[in-house]
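Engineer: Coordinates in upload14.txt, compact mmCIF, C-alpha atoms, are listed below.
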# COMPACT_ATOMS: atom_id res chain seq x y z
CA MET A 13 -2.43 -5.26 -16.45
CA PRO A 14 -1.79 -7.66 -13.51
CA LYS A 15 1.19 -6.80 -11.31
CA HIS A 16 2.13 -10.44 -10.72
CA LEU A 17 2.17 -13.46 -13.00
CA LEU A 18 2.02 -17.17 -12.25
CA ASN A 19 4.79 -19.55 -13.22
CA PRO A 20 3.75 -23.02 -11.98
CA ASN A 21 6.90 -24.64 -13.42
CA LYS A 22 8.89 -23.13 -10.55
CA TRP A 23 6.37 -23.52 -7.73
CA ILE A 24 7.90 -26.63 -6.16
CA ASP A 25 11.45 -25.29 -6.14
CA LEU A 26 10.47 -21.88 -4.89
CA TYR A 27 7.65 -22.51 -2.46
CA ALA A 28 7.52 -26.18 -1.37
CA ASP A 29 9.72 -25.65 1.72
CA TYR A 30 8.02 -22.38 2.59
CA LEU A 31 4.54 -23.90 2.42
CA PHE A 32 5.69 -27.03 4.24
CA ASN A 33 7.15 -25.03 7.13
CA PHE A 34 4.00 -22.90 7.28
CA THR A 35 1.85 -26.04 7.41
CA ILE A 36 3.86 -28.12 9.85
CA SER A 37 3.83 -25.34 12.42
CA ARG A 38 0.04 -25.53 12.28
CA VAL A 39 -0.75 -29.23 11.90
CA ASN A 40 2.33 -30.77 13.56
CA ASP A 41 2.27 -33.90 11.42
CA ARG A 42 4.84 -34.34 8.62
CA GLU A 43 2.75 -36.60 6.40
CA MET A 44 -0.36 -34.49 6.76
CA ALA A 45 1.67 -31.35 6.05
CA GLN A 46 3.07 -32.91 2.86
CA ASP A 47 -0.41 -33.91 1.73
CA LEU A 48 -1.77 -30.43 2.38
CA VAL A 49 1.09 -28.82 0.45
CA GLN A 50 0.50 -31.17 -2.48
CA GLU A 51 -3.24 -30.42 -2.44
CA THR A 52 -2.46 -26.70 -2.37
CA PHE A 53 -0.26 -26.86 -5.46
CA LEU A 54 -2.84 -28.92 -7.33
CA ALA A 55 -5.68 -26.61 -6.29
CA GLY A 56 -3.56 -23.64 -7.35
CA LEU A 57 -3.02 -25.23 -10.73
CA LYS A 58 -6.75 -25.76 -11.22
CA SER A 59 -7.72 -22.26 -10.18
CA MET A 60 -5.02 -20.38 -12.06
CA LYS A 61 -7.72 -18.65 -14.07
CA ASN A 62 -8.97 -16.98 -10.91
CA PHE A 63 -5.61 -15.36 -10.15
CA LYS A 64 -6.02 -11.62 -10.57
CA GLY A 65 -2.36 -10.72 -10.20
CA GLU A 66 -2.94 -8.39 -7.26
CA ALA A 67 -1.00 -10.47 -4.76
CA SER A 68 2.32 -12.23 -5.23
CA GLU A 69 2.37 -15.86 -6.27
CA ARG A 70 3.46 -16.93 -2.77
CA THR A 71 0.75 -14.94 -1.00
CA TRP A 72 -1.85 -16.43 -3.33
CA LEU A 73 -0.63 -19.99 -2.66
CA ILE A 74 -0.59 -19.32 1.10
CA SER A 75 -4.22 -18.17 0.95
CA ILE A 76 -5.16 -21.47 -0.72
CA LEU A 77 -3.13 -23.39 1.86
CA LYS A 78 -4.86 -21.60 4.76
CA ARG A 79 -8.21 -22.76 3.45
CA LYS A 80 -6.86 -26.31 3.12
CA ILE A 81 -5.67 -26.24 6.74
CA ILE A 82 -9.05 -24.97 7.95
CA ASP A 83 -10.78 -27.71 5.92
CA HIS A 84 -8.43 -30.27 7.46
CA TYR A 85 -9.40 -29.21 11.01
CA ARG A 86 -13.09 -29.09 10.10
CA LYS A 87 -12.84 -32.61 8.73
CA ILE A 88 -11.17 -34.12 11.79
CA ASN A 89 -13.58 -32.42 14.17
CA SER A 90 -16.75 -32.97 12.19
CA ILE A 91 -17.69 -36.43 13.44
CA LYS A 92 -19.28 -36.37 16.89
CA GLY A 93 -17.22 -37.91 19.61
CA LYS A 94 -14.06 -37.86 17.53
CA ALA A 95 -12.63 -34.97 19.50
CA GLU A 96 -9.74 -36.36 21.37
CA VAL A 97 -7.89 -35.11 24.44
CA ARG A 98 -4.29 -36.11 24.06
CA ILE A 99 -3.08 -37.15 27.48
CA THR A 100 -0.25 -39.61 27.74
CA SER A 101 -1.57 -42.63 29.55
CA ASN A 102 0.54 -43.29 32.55
CA ASN A 103 0.29 -46.60 34.31
CA ASP A 104 3.28 -46.03 36.51
CA SER A 105 2.28 -47.01 40.04
CA GLU A 106 4.66 -44.47 41.58
CA THR A 107 2.73 -41.59 40.11
CA GLU A 108 -0.66 -43.12 40.76
CA GLY A 109 -2.96 -40.64 42.44
CA ASP A 110 -0.98 -37.61 41.27
CA TRP A 111 -3.05 -34.70 40.10
CA LEU A 112 -4.00 -35.17 36.49
CA GLU A 113 -3.45 -31.44 35.85
CA GLU A 114 0.19 -31.82 36.75
CA ARG A 115 0.61 -34.41 34.07
CA VAL A 116 -1.23 -32.36 31.47
CA ALA A 117 -0.05 -28.82 32.10
CA ASP A 118 3.43 -27.98 30.95
CA PRO A 119 4.76 -24.96 32.85
CA PHE A 120 7.54 -24.55 30.29
CA ASP A 121 5.19 -24.63 27.35
CA LYS A 122 5.78 -21.91 24.77
CA THR A 123 3.39 -19.02 24.56
CA ALA A 124 1.45 -18.30 21.39
CA GLU A 125 3.66 -15.25 20.90
CA ASP A 126 6.86 -17.36 20.94
CA THR A 127 5.38 -19.80 18.47
CA MET A 128 4.33 -16.99 16.17
CA GLN A 129 7.78 -15.41 16.36
CA ASN A 130 9.42 -18.75 15.51
CA THR A 131 7.09 -19.17 12.55
CA GLU A 132 7.94 -15.68 11.29
CA LEU A 133 11.64 -16.35 11.79
CA GLY A 134 11.37 -19.64 9.89
CA GLU A 135 9.62 -17.86 7.06
CA ALA A 136 12.32 -15.17 6.97
CA ILE A 137 15.06 -17.82 6.82
CA LEU A 138 13.32 -19.65 3.96
CA ASN A 139 12.83 -16.36 2.18
CA CYS A 140 16.57 -15.63 2.38
CA LEU A 141 17.35 -19.21 1.41
CA SER A 142 15.30 -18.84 -1.77
CA LYS A 143 17.50 -15.89 -2.80
CA LEU A 144 20.72 -17.95 -2.73
CA PRO A 145 22.11 -19.66 -5.83
CA GLU A 146 20.63 -23.15 -6.20
CA LYS A 147 23.73 -25.10 -5.16
CA GLN A 148 24.37 -22.95 -2.08
CA SER A 149 20.74 -23.15 -1.07
CA GLU A 150 20.69 -26.94 -1.42
CA VAL A 151 23.91 -27.53 0.52
CA PHE A 152 22.96 -25.07 3.26
CA ARG A 153 19.49 -26.61 3.64
CA MET A 154 20.88 -30.16 3.83
CA LYS A 155 23.61 -29.24 6.31
CA SER A 156 21.98 -26.61 8.52
CA ILE A 157 18.28 -27.46 8.49
CA GLU A 158 18.13 -31.18 7.81
CA GLY A 159 21.38 -31.83 9.72
CA ILE A 160 22.76 -34.34 7.20
CA GLU A 161 26.37 -35.51 7.71
CA THR A 162 29.07 -33.88 5.58
CA GLU A 163 30.09 -37.20 4.03
CA ASP A 164 26.53 -38.03 2.98
CA ILE A 165 26.03 -34.63 1.36
CA CYS A 166 29.33 -34.98 -0.52
CA ASN A 167 28.32 -38.41 -1.79
CA GLU A 168 24.86 -37.30 -2.80
CA LEU A 169 25.94 -34.13 -4.58
CA ASN A 170 29.23 -35.57 -5.81
CA ILE A 171 31.40 -32.81 -4.35
CA THR A 172 34.52 -32.87 -2.19
CA ALA A 173 34.49 -31.91 1.50
CA SER A 174 36.58 -28.80 0.86
CA ASN A 175 34.18 -27.78 -1.89
CA LEU A 176 31.29 -28.25 0.54
CA TRP A 177 32.90 -25.96 3.14
CA VAL A 178 33.50 -23.25 0.54
CA ILE A 179 29.82 -23.43 -0.47
CA ILE A 180 28.75 -23.39 3.19
CA HIS A 181 30.94 -20.35 3.87
CA ARG A 182 29.42 -18.41 0.96
CA ALA A 183 25.90 -19.44 1.92
CA ARG A 184 26.35 -18.50 5.58
CA THR A 185 27.77 -15.09 4.67
CA ALA A 186 24.85 -14.40 2.31
CA MET A 187 22.27 -15.67 4.82
CA ALA A 188 23.70 -13.52 7.61
CA LEU A 189 23.60 -10.47 5.38
CA CYS A 190 20.03 -11.17 4.35
CA LEU A 191 18.81 -11.74 7.90
CA LYS A 192 20.85 -8.93 9.44
CA GLU A 193 18.29 -6.18 9.03
CA ASN A 194 15.42 -7.77 10.93
CA TRP A 195 16.75 -10.59 13.04
CA PHE A 196 20.30 -9.80 14.17
CA MET B 633 65.87 -31.07 13.92
CA SER B 634 63.29 -29.74 16.30
CA LYS B 635 59.66 -29.49 15.23
CA LYS B 636 58.11 -26.02 15.58
CA LEU B 637 54.54 -25.73 16.78
CA LYS B 638 52.50 -23.84 14.22
CA ILE B 639 49.95 -21.90 16.21
CA GLY B 640 49.11 -18.90 14.02
CA ILE B 641 46.56 -19.51 11.26
CA PRO B 642 45.49 -17.27 8.38
CA CYS B 643 42.00 -15.72 8.26
CA SER B 644 40.86 -18.15 5.55
CA GLU B 645 41.61 -21.11 7.82
CA ALA B 646 40.04 -19.33 10.81
CA SER B 647 36.78 -18.82 8.95
CA LEU B 648 36.80 -22.47 7.83
CA VAL B 649 37.23 -23.63 11.45
CA CYS B 650 34.54 -21.18 12.53
CA ASP B 651 32.11 -22.67 9.97
CA LYS B 652 33.02 -26.23 10.98
CA SER B 653 32.49 -25.35 14.65
CA GLN B 654 28.89 -24.39 13.90
CA TYR B 655 28.27 -28.05 13.07
CA LYS B 656 30.56 -29.39 15.82
CA GLU B 657 33.00 -30.68 13.22
CA SER B 658 36.18 -28.90 14.29
CA SER B 659 38.82 -30.65 16.37
CA PHE B 660 40.02 -29.48 19.77
CA TRP B 661 43.37 -28.26 18.35
CA GLU B 662 41.61 -26.38 15.54
CA LYS B 663 39.43 -24.64 18.12
CA VAL B 664 42.48 -23.63 20.17
CA LYS B 665 44.18 -22.15 17.10
CA HIS B 666 40.96 -20.41 16.09
CA ASN B 667 40.50 -18.86 19.52
CA LEU B 668 44.07 -17.62 19.50
CA HIS B 669 43.50 -16.09 16.08
CA LEU B 670 40.40 -14.31 17.37
CA LEU B 671 42.51 -12.59 20.03
CA TYR B 672 44.27 -10.44 17.47
CA CYS B 673 41.90 -10.40 14.45
CA LYS B 674 38.85 -8.16 14.70
CA ALA B 675 37.47 -9.13 11.27
CA CYS B 676 37.39 -12.80 12.25
CA ARG B 677 35.90 -11.93 15.65
CA ASP B 678 33.06 -10.13 13.86
CA TYR B 679 32.61 -13.04 11.47
CA ALA B 680 32.50 -15.53 14.37
CA LYS B 681 29.94 -13.39 16.21
CA THR B 682 27.66 -13.19 13.15
CA ASN B 683 28.15 -16.88 12.42
CA ASN B 684 27.20 -17.89 15.97
CA LYS B 685 24.15 -15.65 15.83
CA LEU B 686 23.07 -17.24 12.53
CA SER B 687 23.33 -20.72 14.05
CA SER B 688 21.37 -19.70 17.11
CA ILE B 689 18.50 -18.16 15.13
CA ILE B 690 18.29 -21.21 12.86
CA ALA B 691 18.06 -23.41 15.96
CA GLN B 692 15.50 -21.06 17.50
CA SER B 693 13.28 -21.13 14.42
CA LYS B 694 12.93 -24.94 14.61
CA LEU B 695 12.66 -24.81 10.85
CA ARG B 696 11.59 -27.96 9.07
CA CYS B 697 11.94 -28.65 5.38
CA MET B 698 10.51 -31.29 3.13
CA ASP B 699 13.07 -34.03 2.59
CA LYS B 700 14.53 -34.48 -0.87
CA LYS B 701 12.75 -37.76 -1.69
CA ASN B 702 9.31 -36.40 -0.85
CA LYS B 703 10.03 -33.23 -2.73
CA GLU B 704 10.97 -35.25 -5.83
CA CYS B 705 7.73 -37.27 -5.52
CA LEU B 706 5.75 -34.07 -5.17
CA LYS B 707 7.52 -32.63 -8.20
CA ASN B 708 6.70 -35.70 -10.31
CA GLU B 709 3.04 -35.67 -9.29
CA PHE B 710 2.79 -31.96 -9.89
CA ASN B 711 4.50 -32.14 -13.29
CA LYS B 712 2.03 -34.83 -14.36
CA ALA B 713 -0.88 -32.62 -13.34
CA LEU B 714 0.75 -29.65 -15.04
CA LYS B 715 1.07 -31.57 -18.31
CA GLU B 716 -2.59 -32.65 -18.12
CA GLU B 717 -3.64 -29.08 -17.40
CA ASN B 718 -1.67 -27.77 -20.38
CA PHE B 719 -3.07 -30.57 -22.55
CA ASN B 720 -6.63 -29.63 -21.64
Show me, as structure tokens, the structure contained in the file I just sent.
Structural biologist:
Amino acid sequence: MPKHLLNPNKWIDLYADYLFNFTISRVNDREMAQDLVQETFLAGLKSMKNFKGEASERTWLISILKRKIIDHYRKINSIKGKAEVRITSNNDSETEGDWLEERVADPFDKTAEDTMQNTELGEAILNCLSKLPEKQSEVFRMKSIEGIETEDICNELNITASNLWVIIHRARTAMALCLKENWF
Amino acid sequence: MSKKLKIGIPCSEASLVCDKSQYKESSFWEKVKHNLHLLYCKACRDYAKTNNKLSSIIAQSKLRCMDKKNKECLKNEFNKALKEENFN
């Protein structure tokens, strides 16, 4: 008997943010990331019969998404001459004649290790967020991740400001507890 | 009648100010009262320390989420496909 079962009715609520964060850290383009996440869910839906139940639902969806990301890079690099070096064109006469390398290289650029750690941290946060009650998760996401103003959240969710701060307090306490073991 | 300055705040108010501070929504006077409270309350000091750490790791992660509108669109598209799949 398979250890894990699929429940596509809950995929968007449970995994959309997780997959989106995973994708955007690899493609760095919001629209493209959204498209890839959508394609992943649809591909998952079509290949549900192939799910053996050995991995969790999320792991299985991530494996589909990884293939979609690889396909995306293959596609954009497949046409000859389409490879593009992204250098900001600089017509400023003051910097004319400066070494091109100085403009391209960023000495404060993050290392691959930092990027990987941030991705893992982001995934851990989303994992903890998915364990919160729906209302807490929604308010916390809007306030702490999307940075939406208190007033706007209150209007959208039809709650009072004091209610919002109670929800935030509960969510922050639960998030800290969840993240404490590995990240504090 | 002279007005007395109310400086001491209860723990519930201190934690509220601490939460608001994480989003830069507490006033100067609230911060003063909160800091004074922290001088004599270890539980609130611990809470503030954990709360600050949580904010810093969220900032460090540079986490990005799908916005609500796009998520709703995705949900609608997906539900359509789900219905078709169930129908077939």
Engineer: Compute the set of chain B residues within 6 Å of chain A, using all atoms listed in the file, and express it as a PyMOL selection string.
Structural biologist: chain B and resi 693+695-698
Engineer: Using only C-alpha atoms, can you tell me which of B:Ser647, B:Asn718, B:Ser688, B:Asn708 comes closest to Glu662 in chain B?
Structural biologist: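 Counting only C-alpha atoms, the residue closest to Glu662 in chain B is B:Ser647.
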Engineer: Mind checking which residues fall within 9 Å of range 665-668 of chain B, counting only C-alpha atoms, ignoring those fewer than 4 positions away in the same chain, and posting them as a ChimeraX atom specification?
Structural biologist: /B:638-641,645-647,649-650,660-661,672
Engineer: So the first atom is CA of Asn40 in chain A and the second is CA of His84 in chain A; what is the distance between them in Å, to one decimal place?
Structural biologist: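 Computing it gives 12.4 Å between the two atoms.
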Engineer: Give me, please, the distance in Å between CA of Leu77 in chain A and CA of Ala691 in chain B, quoted to one decimal.
Structural biologist: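 About the pair CA of Leu77 in chain A and CA of Ala691 in chain B: they are 25.5 Å apart.
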Engineer: To one decimal in Å, tell me the separation between CA of Thr52 in chain A and CA of Pro145 in chain A.
Structural biologist: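 Those two atoms sit 25.8 Å apart.
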Engineer: Pick out the residues sitting within 12 Å of Lys681 in chain B, and hand them over as JSON, numbers by chain; count only C-alpha atoms, and ignore anything fewer than 2 positions along from it in its own chain.
Structural biologist: {"A": [185, 188, 196], "B": [647, 650, 651, 654, 670, 674, 675, 676, 677, 678, 679, 683, 684, 685, 686, 687, 688]}
Engineer: From the options A:Leu26, A:Val39, A:Ile88, A:Cys140, which residue's atoms come nearest to Leu73 in chain A, counting all atoms listed in the file?
Structural biologist: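 For Leu73 in chain A, the nearest of the given residues is A:Leu26.
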Engineer: Return as lines of an AutoDock Vina configuration file the box centre and box size in Å, one decimal, for an axis-aligned box around all listed atoms of range 655-673 of chain B padded by 4 Å per side.
Structural biologist:
center_x = 36.3
center_y = -20.5
center_z = 16.6
size_x = 24.0
size_y = 28.3
size_z = 15.1
Engineer: Point out the residue among A:Leu17, A:Ala186, A:Arg38, A:Lys80 with the least atom-to-atom distance to Glu66 in chain A, counting all atoms listed in the file.
Structural biologist: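 Looking at the shortest contact to Glu66 in chain A, the residue is A:Leu17.
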Engineer: Using only C-alpha atoms, can you tell me which of A:Ala183, A:Met44, A:Leu144, A:Val151 comes closest to Asn170 in chain A?
Structural biologist: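 Under the stated criterion, the closest residue is A:Val151.
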